[in-house]
$ cat entry00.csv   # CSV, C-alpha atoms
chain,number,residue,atom,x,y,z
A,198,ASP,CA,70.8,-0.8,-24.2
A,199,ALA,CA,67.1,-1.7,-24.8
A,200,GLY,CA,65.9,0.7,-22.1
A,201,VAL,CA,62.9,-0.1,-19.9
A,202,ILE,CA,60.5,-2.4,-21.6
A,203,GLN,CA,56.9,-2.4,-20.8
A,204,SER,CA,54.0,-4.6,-22.1
A,205,PRO,CA,51.4,-4.4,-23.2
A,206,ARG,CA,51.7,-1.0,-24.9
A,207,HIS,CA,48.0,-0.7,-25.2
A,208,GLU,CA,45.2,-2.5,-23.5
A,209,VAL,CA,41.4,-2.1,-23.6
A,210,THR,CA,39.5,-4.2,-21.1
A,211,GLU,CA,36.1,-4.4,-19.6
A,212,MET,CA,35.3,-3.3,-16.1
A,213,GLY,CA,35.8,-6.1,-13.6
A,214,GLN,CA,38.5,-7.8,-15.5
A,215,GLU,CA,42.0,-8.4,-14.2
A,216,VAL,CA,44.8,-6.4,-15.8
A,217,THR,CA,48.5,-7.2,-15.5
A,218,LEU,CA,51.1,-4.8,-16.7
A,219,ARG,CA,54.7,-6.0,-17.1
A,220,CYS,CA,58.0,-4.3,-16.9
A,221,LYS,CA,61.6,-5.2,-17.5
A,222,PRO,CA,64.0,-2.6,-16.0
A,223,ILE,CA,67.4,-1.7,-17.5
A,224,SER,CA,70.0,-4.3,-16.6
A,225,GLY,CA,72.0,-3.3,-13.6
A,226,HIS,CA,69.5,-0.9,-12.2
A,227,ASN,CA,68.4,-1.8,-8.7
A,228,SER,CA,65.5,0.6,-8.2
A,229,LEU,CA,62.1,0.2,-10.1
A,230,PHE,CA,59.2,2.6,-10.0
A,231,TRP,CA,55.6,2.4,-11.2
A,232,TYR,CA,53.9,5.7,-12.1
A,233,ARG,CA,50.4,6.5,-13.3
A,234,GLN,CA,49.7,9.5,-15.5
A,235,THR,CA,46.2,11.0,-16.1
A,236,MET,CA,45.1,14.4,-17.3
A,237,MET,CA,43.4,15.1,-14.0
A,238,ARG,CA,46.1,14.0,-11.5
A,239,GLY,CA,49.3,14.3,-13.5
A,240,LEU,CA,52.1,11.9,-12.8
A,241,GLU,CA,51.7,9.9,-9.6
A,242,LEU,CA,54.2,7.5,-8.0
A,243,LEU,CA,52.4,4.3,-7.1
A,244,ILE,CA,55.2,2.2,-5.7
A,245,TYR,CA,58.9,1.7,-5.9
A,246,PHE,CA,61.2,-1.1,-5.2
A,247,ASN,CA,64.8,-1.2,-4.3
A,248,ASN,CA,66.7,-4.4,-4.7
A,249,ASN,CA,63.4,-6.1,-5.4
A,250,VAL,CA,61.9,-5.0,-2.1
A,251,PRO,CA,58.9,-2.6,-2.0
A,252,ILE,CA,60.1,0.5,-0.2
A,253,ASP,CA,57.2,2.9,-0.5
A,254,ASP,CA,53.7,1.8,-1.7
A,255,SER,CA,51.9,4.8,-0.2
A,256,GLY,CA,50.8,5.8,-3.7
A,257,MET,CA,49.0,2.6,-4.5
A,258,PRO,CA,45.4,3.8,-4.7
A,259,GLU,CA,43.6,0.9,-3.1
A,260,ASP,CA,43.6,-2.8,-2.5
A,261,ARG,CA,42.7,-3.5,-6.1
A,262,PHE,CA,46.2,-2.6,-7.0
A,263,SER,CA,49.2,-4.8,-6.3
A,264,ALA,CA,52.8,-4.9,-7.5
A,265,LYS,CA,55.4,-7.5,-7.4
A,266,MET,CA,59.1,-7.8,-8.3
A,267,PRO,CA,60.1,-11.5,-8.1
A,268,ASN,CA,63.6,-10.8,-9.5
A,269,ALA,CA,65.8,-8.0,-10.6
A,270,SER,CA,64.7,-8.1,-14.2
A,271,PHE,CA,60.9,-8.3,-13.9
A,272,SER,CA,58.0,-6.5,-12.2
A,273,THR,CA,54.2,-6.6,-12.5
A,274,LEU,CA,51.5,-4.2,-11.7
A,275,LYS,CA,48.1,-5.9,-11.3
A,276,ILE,CA,44.6,-4.4,-11.1
A,277,GLN,CA,41.9,-6.7,-10.0
A,278,PRO,CA,39.1,-5.9,-10.5
A,279,SER,CA,39.6,-3.0,-12.9
A,280,GLU,CA,37.3,0.0,-13.0
A,281,PRO,CA,36.9,2.8,-15.6
A,282,ARG,CA,38.6,5.3,-13.4
A,283,ASP,CA,41.8,3.2,-13.6
A,284,SER,CA,42.1,4.3,-17.3
A,285,ALA,CA,45.5,5.9,-17.5
A,286,VAL,CA,49.0,5.6,-18.8
A,287,TYR,CA,51.1,3.4,-16.5
A,288,PHE,CA,54.8,4.0,-16.6
A,289,CYS,CA,57.5,1.8,-15.3
A,290,ALA,CA,60.9,3.4,-14.7
A,291,SER,CA,64.2,2.3,-13.3
A,292,SER,CA,67.4,3.8,-11.9
A,293,PHE,CA,70.6,2.8,-10.2
A,294,GLY,CA,70.0,3.8,-6.6
A,295,GLN,CA,66.8,5.2,-5.2
A,296,GLY,CA,66.6,8.0,-7.6
A,297,THR,CA,68.3,10.3,-5.1
A,298,GLY,CA,70.7,11.9,-7.5
A,299,ASN,CA,70.4,9.4,-10.2
A,300,THR,CA,68.6,9.7,-13.5
A,301,ILE,CA,65.3,7.8,-13.7
A,302,TYR,CA,64.8,6.0,-17.0
A,303,PHE,CA,61.2,5.6,-18.2
A,304,GLY,CA,59.6,3.0,-20.4
A,305,GLU,CA,57.2,4.0,-23.1
A,306,GLY,CA,54.1,3.3,-21.0
A,307,SER,CA,51.2,1.0,-21.0
A,308,TRP,CA,48.0,2.8,-22.1
A,309,LEU,CA,45.1,1.3,-20.3
A,310,THR,CA,41.5,1.8,-21.1
A,311,VAL,CA,38.8,0.2,-18.9
A,312,VAL,CA,35.3,0.4,-20.5
J,27,ALA,CA,55.4,19.6,3.1
J,28,GLN,CA,57.8,18.7,0.4
J,29,SER,CA,56.6,19.7,-3.0
J,30,VAL,CA,57.5,21.0,-6.5
J,31,ALA,CA,55.4,23.5,-8.3
J,32,GLN,CA,55.2,24.4,-12.0
J,33,PRO,CA,53.0,27.5,-11.9
J,34,GLU,CA,52.3,27.6,-15.7
J,35,ASP,CA,50.1,24.9,-17.3
J,36,GLN,CA,51.2,26.1,-20.7
J,37,VAL,CA,53.9,28.3,-22.2
J,38,ASN,CA,53.7,29.7,-25.7
J,39,VAL,CA,56.8,31.0,-27.5
J,40,ALA,CA,57.7,31.8,-31.1
J,41,GLU,CA,60.5,29.8,-32.8
J,42,GLY,CA,63.8,31.5,-32.3
J,43,ASN,CA,62.8,33.3,-29.2
J,44,PRO,CA,64.2,32.4,-25.7
J,45,LEU,CA,62.0,30.2,-23.5
J,46,THR,CA,61.6,29.8,-19.8
J,47,VAL,CA,59.7,27.1,-18.0
J,48,LYS,CA,59.3,27.9,-14.3
J,49,CYS,CA,59.7,25.6,-11.3
J,50,THR,CA,59.8,26.2,-7.6
J,51,TYR,CA,60.4,23.6,-4.9
J,52,SER,CA,60.1,23.0,-1.2
J,53,VAL,CA,62.2,20.3,0.4
J,54,SER,CA,64.1,19.7,3.5
J,55,GLY,CA,67.9,19.6,3.2
J,56,ASN,CA,69.9,20.2,0.1
J,57,PRO,CA,67.7,19.9,-3.0
J,58,TYR,CA,68.4,17.5,-5.9
J,59,LEU,CA,66.5,18.9,-8.9
J,60,PHE,CA,65.7,17.5,-12.3
J,61,TRP,CA,64.0,18.3,-15.6
J,62,TYR,CA,62.4,15.7,-17.8
J,63,VAL,CA,60.6,16.1,-21.1
J,64,GLN,CA,57.8,14.0,-22.5
J,65,TYR,CA,57.0,14.0,-26.2
J,66,PRO,CA,53.5,12.8,-27.4
J,67,ASN,CA,52.8,9.2,-26.7
J,68,ARG,CA,56.3,8.6,-25.2
J,69,GLY,CA,57.8,8.1,-21.8
J,70,LEU,CA,59.6,10.8,-19.9
J,71,GLN,CA,63.2,11.5,-20.9
J,72,PHE,CA,65.9,13.1,-18.7
J,73,LEU,CA,67.1,16.6,-19.6
J,74,LEU,CA,69.4,17.7,-16.8
J,75,LYS,CA,69.9,17.8,-13.1
J,76,TYR,CA,71.4,19.9,-10.3
J,77,ILE,CA,73.0,18.1,-7.4
J,78,THR,CA,75.8,20.5,-6.3
J,79,GLY,CA,78.3,22.9,-7.8
J,80,ASP,CA,77.7,25.5,-10.5
J,81,ASN,CA,74.2,27.0,-10.3
J,82,LEU,CA,73.8,26.9,-14.0
J,83,VAL,CA,73.4,23.4,-15.3
J,84,LYS,CA,73.5,22.5,-19.0
J,85,GLY,CA,71.6,19.6,-20.4
J,86,SER,CA,70.4,17.9,-23.5
J,87,TYR,CA,69.1,19.6,-26.7
J,88,GLY,CA,70.5,23.0,-25.7
J,89,PHE,CA,68.5,23.3,-22.5
J,90,GLU,CA,69.9,24.8,-19.3
J,91,ALA,CA,68.5,25.5,-15.9
J,92,GLU,CA,69.5,27.8,-13.1
J,93,PHE,CA,69.4,26.8,-9.5
J,94,ASN,CA,68.4,29.8,-7.2
J,95,LYS,CA,68.6,28.8,-3.6
J,96,SER,CA,67.2,32.1,-2.2
J,97,GLN,CA,64.1,31.9,-4.5
J,98,THR,CA,63.9,28.1,-4.3
J,99,SER,CA,63.6,27.9,-8.0
J,100,PHE,CA,65.0,25.8,-10.8
J,101,HIS,CA,63.8,27.4,-14.1
J,102,LEU,CA,64.4,25.7,-17.4
J,103,LYS,CA,65.7,27.9,-20.2
J,104,LYS,CA,66.8,27.8,-23.8
J,105,PRO,CA,68.2,30.7,-25.7
J,106,SER,CA,66.4,29.9,-29.0
J,107,ALA,CA,63.3,27.7,-29.1
J,108,LEU,CA,62.6,25.2,-31.9
J,109,VAL,CA,59.3,23.9,-33.0
J,110,SER,CA,60.6,20.4,-32.1
J,111,ASP,CA,60.9,21.6,-28.5
J,112,SER,CA,57.1,21.5,-28.2
J,113,ALA,CA,56.4,18.9,-25.5
J,114,LEU,CA,55.4,18.4,-21.9
J,115,TYR,CA,58.1,19.4,-19.4
J,116,PHE,CA,58.4,18.1,-15.8
J,117,CYS,CA,60.4,19.5,-13.0
J,118,ALA,CA,61.2,17.0,-10.2
J,119,VAL,CA,62.9,17.1,-6.8
J,120,ARG,CA,64.3,14.5,-4.4
J,121,ALA,CA,62.2,14.3,-1.3
J,122,THR,CA,62.6,12.2,1.9
J,123,THR,CA,60.1,9.5,2.7
J,124,HIS,CA,58.4,8.7,6.0
J,125,THR,CA,60.9,5.9,6.4
J,126,GLY,CA,63.9,8.2,6.0
J,127,GLY,CA,64.7,7.2,2.5
J,128,PHE,CA,64.3,9.2,-0.7
J,129,LYS,CA,61.9,9.4,-3.6
J,130,THR,CA,61.5,11.7,-6.6
J,131,ILE,CA,58.5,14.0,-6.7
J,132,PHE,CA,57.4,15.3,-10.1
J,133,GLY,CA,55.6,18.6,-10.8
J,134,ALA,CA,52.3,18.7,-12.7
J,135,GLY,CA,54.1,19.5,-15.9
J,136,THR,CA,54.1,22.5,-18.2
J,137,ARG,CA,53.1,22.2,-21.9
J,138,LEU,CA,55.4,24.1,-24.2
J,139,PHE,CA,54.1,25.2,-27.6
J,140,VAL,CA,56.7,26.7,-30.0
J,141,LYS,CA,55.1,28.3,-33.0
J,142,ALA,CA,56.9,28.5,-36.4
$ encode --input "entry00.csv" --output "structure tokens"
Amino acid sequence: DAGVIQSPRHEVTEMGQEVTLRCKPISGHNSLFWYRQTMMRGLELLIYFNNNVPIDDSGMPEDRFSAKMPNASFSTLKIQPSEPRDSAVYFCASSFGQGTGNTIYFGEGSWLTVV
Amino acid sequence: AQSVAQPEDQVNVAEGNPLTVKCTYSVSGNPYLFWYVQYPNRGLQFLLKYITGDNLVKGSYGFEAEFNKSQTSFHLKKPSALVSDSALYFCAVRATTHTGGFKTIFGAGTRLFVKA
């Protein structure tokens, strides 16, 4: 199994630009999560989907952030416009079920730097 | 409020010595508890979990954790630490959402340094 695949692994962009992060969950998993990790705030859940439907987006910081899951094998997290404070590692993760008792599998992360 | 706490930012231990990384939680209902490890520049990896049954749970790489209901704790332990165990460790707990569903809450993480 290839695991959760994220792209790009690293991105440096200028303030004001649009950033799109991509994720391919593990085949057969029906829950997908987007997390953000920073030194200051630790690991934060931004949004999660179950069966392609957003279930809880209360962690999305503001309207500049949006996430979609058009099908079971693909999700995007978009930031528009990006700001320096968005610099972080963004993790996509997936599980079978809503992570209740099921293991969550993480991708390797997308390291975003906004200058 | 539902939460998980890791009271130590960092734990230092000598190789070969036992290690403990602490975790306490606060949730409604029966807790589902997890430990994950993050190596530098990598994503989180699952170590072990407690759902029900034996309070002592064994996981990957020789780690184990003990569920203590009265103390609401789920400390991670290993009898003999290795330098390669140096990493960031996250405790996590299942919590209920405002819609009645579930989500996983992660602690702030504890950095473990094992010295040779």
$ closest_residue --input "entry00.csv" --among "A:Ser270, A:Ser228, A:Thr235, A:Ser204" --to "A:Ser292" --atoms "only C-alpha atoms"
A:Ser228
$ interface_residues --input "entry00.csv" --of "chain J" --to "chain A" --cutoff "7 Å" --atoms "only C-alpha atoms" --output "MDAnalysis selection string"
chainID J and resid 58 68:72 77 120 128:130 132 134
$ atom_distance --input "entry00.csv" --atom1 "atom CA of J:Val119" --atom2 "atom CA of A:Asn268"
28.0 Å
$ closest_residue --input "entry00.csv" --among "A:Glu211, A:Ala199, A:Phe246, A:His226" --to "A:Thr273" --atoms "all atoms listed in the file"
A:Phe246
$ residues_around --input "entry00.csv" --residues "J:Cys49" --least-positions-apart "5" --cutoff "6 Å" --atoms "all atoms listed in the file" --output "number ranges by chain"
J: 31-32, 99-101
$ residues_around --input "entry00.csv" --residues "J:Val39" --least-positions-apart "4" --cutoff "10 Å" --atoms "only C-alpha atoms" --output "compact mmCIF listing (two decimals) with C-alpha atoms, keeping the file's coordinate frame"
# COMPACT_ATOMS: atom_id res chain seq x y z
CA ASN J 43 62.80 33.30 -29.20
CA PRO J 44 64.20 32.40 -25.70
CA LEU J 45 62.00 30.20 -23.50
CA THR J 46 61.60 29.80 -19.80
CA SER J 106 66.40 29.90 -29.00
CA ALA J 107 63.30 27.70 -29.10
CA LEU J 108 62.60 25.20 -31.90
CA VAL J 109 59.30 23.90 -33.00
CA SER J 112 57.10 21.50 -28.20
CA LEU J 138 55.40 24.10 -24.20
CA PHE J 139 54.10 25.20 -27.60
CA VAL J 140 56.70 26.70 -30.00
CA LYS J 141 55.10 28.30 -33.00
CA ALA J 142 56.90 28.50 -36.40
$ atom_distance --input "entry00.csv" --atom1 "atom CA of A:Ser284" --atom2 "atom CA of A:Cys220"
18.1 Å
$ atom_distance --input "entry00.csv" --atom1 "atom CA of J:Ala40" --atom2 "atom CA of J:Glu90"
18.4 Å
$ closest_residue --input "entry00.csv" --among "J:Gly85, J:Phe116, J:Pro66, J:His124" --to "J:Asp35" --atoms "all atoms listed in the file"
J:Phe116
$ residues_around --input "entry00.csv" --residues "A:Phe271" --least-positions-apart "3" --cutoff "10 Å" --atoms "all atoms listed in the file" --output "list in words"
Ile202, Gln203, Arg219, Cys220, Lys221, Pro222, Ile223, Leu229, Asn249, Lys265, Met266, Pro267 and Asn268 of chain A
